[in-house]
Amino acid sequence: MTFPPCHDNVACMARQIDVEALRSLIEARSDPFVLIDDRYRIVAANSRYAALYGLTPKQIERFHCHQVSHHRSSPCHEHGEACPLREVMATGETTEVVHVHYGCGARQDVVRIIGHPIRIGSRLLLGESIEPLQPVSVVPAEPADAMLGASPAFVAALAELARAARFALPVLLFGETGVGKELAARRLHAQSPRAGRAFVTVDCANLPTSLAEDTLFGHVRGAYSGAMSTRAGLFEQADGGTLFLDEVSELAPEVQAKLLRILETGELRRLGEGHPKRVDVRVVCATNRDLLAEVRAGRFRPDLYYRIAGLKVVLPPLRDRIEDITLLASRFLDEFRLETGAVPALTPDALAWLRIRPWPGNVRELRQIMGRAAVQSVNGLIDAQLLAQLAIEPEPRHADVAEENAGAAQRAAKGIDPARLAAALARHGNNRAAAARELGVSERTLYRWLGKACTRVGSP
């Protein structure tokens with residue numbers, strides 16, 4: 001849920017305050033300075049304040065202060081922080097607090113805020129000066145392909161990965177397409193005692209059945225026509241390290257049987273070789289399917305399932321990591337800056353759009369949209385309108401559509417009032433599944449409603 005800019009409030013203020021004159025006055029200050037009304041809306045900002053967020057004063061004005069500096073849809077006091085606006089409005093006296101503000105890009109800065117009571121006619125405003133303290137990164141520096149995030153669901157998944165890394169058991173990673181299963185497997189390997197050894201990956205979805213045995217186990221010279229030399233397979237290449245089998249559910253039944261044997265015995269036999277060879281490989285598998293459902297349907301061997309699922313780790317979808325979206329989006333834009341030298345910046349309404357989108361393609365979709373937006377941004381700005389134009393909604397699968405009964409389909413066709421949707425989400429702590437149950441529709445329909453709501457978030 002977001003607070004859109006209040007044009008009526010600003011127009012009312014403009015009748016009492018010459019905003020251009022105020023902007024000119026505070027522009028003379030050498031520190032970042034902003035004027036905020038009693039409804040948390042920015043009335044005027046100087047260029048030094050706006051530059052902290054890669055924007056201009058006119059682009060920041062009329063948004064809520066907590067949208068700009070905290071990337072939140074609600075005031076900071078609702079998140080346990082001292083609010084200088086509330087203090088000044090209550091006491092009429094100067095106050096001082098220390099906050100963490102989101103700067104330009106993925107940076108988070110520790111700043112000292114001095115709040116001054118400013119009277120303009122009958123109106124009391126907060127005059128807020130910002131003093132950056134010694135730059136301190138709240139989020140430690142990470143390599144470009146690191147797993148980034150601090151949301152509860154994400155932190156819980158990282159803890160499970162760290163726990164799994166200590167053991168030699170096979171690990172099964174489950175998560176929707178685009179959540180970063182390979183990154184999770186790499187992290188698990190890097191935290192394990194095998195970190196100094198090989199990490200080998202194979203995409204089972206693109207592994208032809210006719211080549212699977214050769215690819216995984218290798219062959220000796222003369223094993224078949226064209227085998228001119230001996231070649232080690234991926235298992236042998238990963239000896240002492242980790243083999244990551246992505247989309248393991250896509251393996252053909254005959255390949256599943258051979259994989260089961262090597263996992264049970266620790267021995268492989270190259271094509272054309274008479275004697276087995278022992279290997280020490282930790283296997284990490286990943287899938288976006290319900291493997292137990294695949295077992296019940298007869299498409300996946302039950303004995304192989306129990307062999308690869310020694311430890312299971314579920315990676316949360318991006319829609320359950322709303323707190324991480326801004327950080328990830330900023331990181332992707334930073335990568336674009338390094339590649340091209342361009343400096344695209346997200347406007348406050350773009351940040352609101354990012355947080356409300358359901359992200360069916362998860363982190364991969366977010367990265368793609370950020371890349372396209374950076375290329376097509378106008379004057380170095382990325383706003384909600386551009387993001388909505390670039391977002392491509394996949395067609396729903398027939399099975400998903402069939403799940404909705406006739407009554408739910410009628411309700412879905414009518415849509416929903418955005419305020420009612422926001423209220424349902426708020427009652428359930430932004431849990432989409434619970435909100436969908438209350439509204440009497442499928443979770444997919446709720447996502448479609450959210451997608452429509454995204455397109456209504458416009459620039460001020």
# chains A, B, ... in the order shown; residues from 1 in each chain; ligands from 1
$ residues_around --residues "A:Ser249" --least-positions-apart "3" --cutoff "12 Å" --atoms "only C-alpha atoms" --output "VMD selection string"
chain A and resid 172 to 174 203 to 207 245 to 246 252 to 253 255 to 256 285 to 295 298 to 302 304 to 305 308
$ residues_around --residues "A:Ala329" --least-positions-apart "5" --cutoff "10 Å" --atoms "only C-alpha atoms" --output "number ranges by chain"
A: 105-106, 324, 334, 346, 351, 354, 363, 366-367, 369-371
$ residues_around --residues "stretch 377-384 of chain A" --least-positions-apart "5" --cutoff "6 Å" --atoms "only C-alpha atoms" --output "NGL selection string"
:A and (344-347 or 349-350 or 353 or 458)
$ atom_distance --atom1 "atom CA of A:Arg364" --atom2 "atom CA of A:Lys312"
22.3 Å
$ closest_residue --among "A:Pro170, A:Pro132, A:Gly127, A:Pro358" --to "A:His101" --atoms "only C-alpha atoms"
A:Pro132
$ residues_around --residues "stretch 42-56 of chain A" --least-positions-apart "5" --cutoff "7 Å" --atoms "only C-alpha atoms" --output "CSV table (one decimal) with N, CA and C atoms, in the first residue's frame"
chain,number,residue,atom,x,y,z
A,19,VAL,N,5.8,28.5,-2.8
A,19,VAL,CA,6.7,27.4,-2.8
A,19,VAL,C,8.0,27.8,-3.5
A,22,LEU,N,10.1,29.7,-1.1
A,22,LEU,CA,10.6,28.9,-0.1
A,22,LEU,C,11.8,28.1,-0.6
A,23,ARG,N,11.6,27.5,-1.8
A,23,ARG,CA,12.7,26.7,-2.4
A,23,ARG,C,13.9,27.6,-2.6
A,26,ILE,N,15.6,28.1,0.9
A,26,ILE,CA,16.4,27.0,1.5
A,26,ILE,C,17.5,26.6,0.6
A,27,GLU,N,17.5,27.0,-0.7
A,27,GLU,CA,18.6,26.6,-1.6
A,27,GLU,C,19.9,27.3,-1.1
A,31,ASP,N,23.6,22.8,3.7
A,31,ASP,CA,23.3,21.5,4.0
A,31,ASP,C,22.1,21.0,3.3
A,32,PRO,N,21.9,19.7,3.2
A,32,PRO,CA,20.6,19.2,2.7
A,32,PRO,C,19.4,19.6,3.6
A,33,PHE,N,18.4,20.2,3.0
A,33,PHE,CA,17.3,20.8,3.8
A,33,PHE,C,16.0,20.6,3.1
A,34,VAL,N,15.0,20.3,3.9
A,34,VAL,CA,13.6,20.0,3.3
A,34,VAL,C,12.6,20.5,4.3
A,35,LEU,N,11.5,21.0,3.7
A,35,LEU,CA,10.3,21.4,4.5
A,35,LEU,C,9.2,20.4,4.4
A,36,ILE,N,8.6,20.0,5.5
A,36,ILE,CA,7.6,18.9,5.5
A,36,ILE,C,6.4,19.4,6.3
A,37,ASP,N,5.2,19.1,5.7
A,37,ASP,CA,4.0,19.5,6.4
A,37,ASP,C,3.5,18.5,7.4
A,61,GLU,N,9.2,16.9,-4.4
A,61,GLU,CA,8.1,17.6,-3.7
A,61,GLU,C,6.8,17.0,-4.0
A,62,ARG,N,5.9,17.0,-3.0
A,62,ARG,CA,4.6,16.4,-3.0
A,62,ARG,C,4.6,14.9,-2.6
A,63,PHE,N,5.7,14.3,-2.4
A,63,PHE,CA,5.7,12.9,-2.0
A,63,PHE,C,5.9,12.9,-0.5
A,64,HIS,N,5.5,11.8,0.2
A,64,HIS,CA,5.8,11.7,1.6
A,64,HIS,C,7.2,11.5,1.9
A,65,CYS,N,7.7,12.1,3.0
A,65,CYS,CA,9.1,12.0,3.4
A,65,CYS,C,9.5,10.6,3.6
A,103,GLY,N,20.0,6.1,0.3
A,103,GLY,CA,20.6,7.1,-0.6
A,103,GLY,C,20.4,6.7,-2.0
A,104,CYS,N,21.2,7.2,-2.9
A,104,CYS,CA,21.1,6.8,-4.3
A,104,CYS,C,21.7,5.5,-4.5
A,345,ALA,N,17.9,6.8,-12.1
A,345,ALA,CA,17.4,6.9,-10.7
A,345,ALA,C,16.0,6.6,-10.7
$ select_by_dssp --residues "stretch 182-219 of chain A" --states "alpha helix (DSSP H)" --output "count of residues only"
18
$ residues_around --residues "A:Leu268" --least-positions-apart "2" --cutoff "10 Å" --atoms "only C-alpha atoms" --output "ChimeraX atom specification"
/A:216-218,233,235-236,258-259,261-263,265-266,270-271,273,275-279
$ write_last_selection --atoms "C-alpha atoms" --output "PDB file, in the first residue's frame"
ATOM      1  CA  LEU A 216      27.180 -37.065 -16.240  1.00  0.00           C
ATOM      2  CA  PHE A 217      29.486 -40.102 -16.151  1.00  0.00           C
ATOM      3  CA  GLY A 218      31.887 -39.689 -19.094  1.00  0.00           C
ATOM      4  CA  GLY A 233      31.862 -36.716 -16.874  1.00  0.00           C
ATOM      5  CA  PHE A 235      30.424 -36.269 -11.566  1.00  0.00           C
ATOM      6  CA  GLU A 236      34.107 -36.963 -11.965  1.00  0.00           C
ATOM      7  CA  LYS A 258      21.538 -44.287 -13.089  1.00  0.00           C
ATOM      8  CA  LEU A 259      21.678 -41.203 -10.860  1.00  0.00           C
ATOM      9  CA  ARG A 261      22.845 -45.870  -8.330  1.00  0.00           C
ATOM     10  CA  ILE A 262      25.774 -43.477  -8.048  1.00  0.00           C
ATOM     11  CA  LEU A 263      24.182 -41.728  -5.081  1.00  0.00           C
ATOM     12  CA  THR A 265      27.121 -46.570  -4.051  1.00  0.00           C
ATOM     13  CA  GLY A 266      29.388 -43.570  -4.572  1.00  0.00           C
ATOM     14  CA  ARG A 270      32.182 -44.415 -17.595  1.00  0.00           C
ATOM     15  CA  LEU A 271      30.623 -45.552 -20.842  1.00  0.00           C
ATOM     16  CA  GLU A 273      34.601 -48.923 -18.923  1.00  0.00           C
ATOM     17  CA  HIS A 275      35.451 -51.239 -13.624  1.00  0.00           C
ATOM     18  CA  PRO A 276      33.682 -48.638 -11.488  1.00  0.00           C
ATOM     19  CA  LYS A 277      35.416 -45.578 -10.115  1.00  0.00           C
ATOM     20  CA  ARG A 278      34.743 -44.116  -6.679  1.00  0.00           C
ATOM     21  CA  VAL A 279      33.910 -40.413  -6.421  1.00  0.00           C
TER      22      VAL A 279
END
$ atom_distance --atom1 "atom CA of A:Val313" --atom2 "atom CA of A:Ala157"
6.8 Å
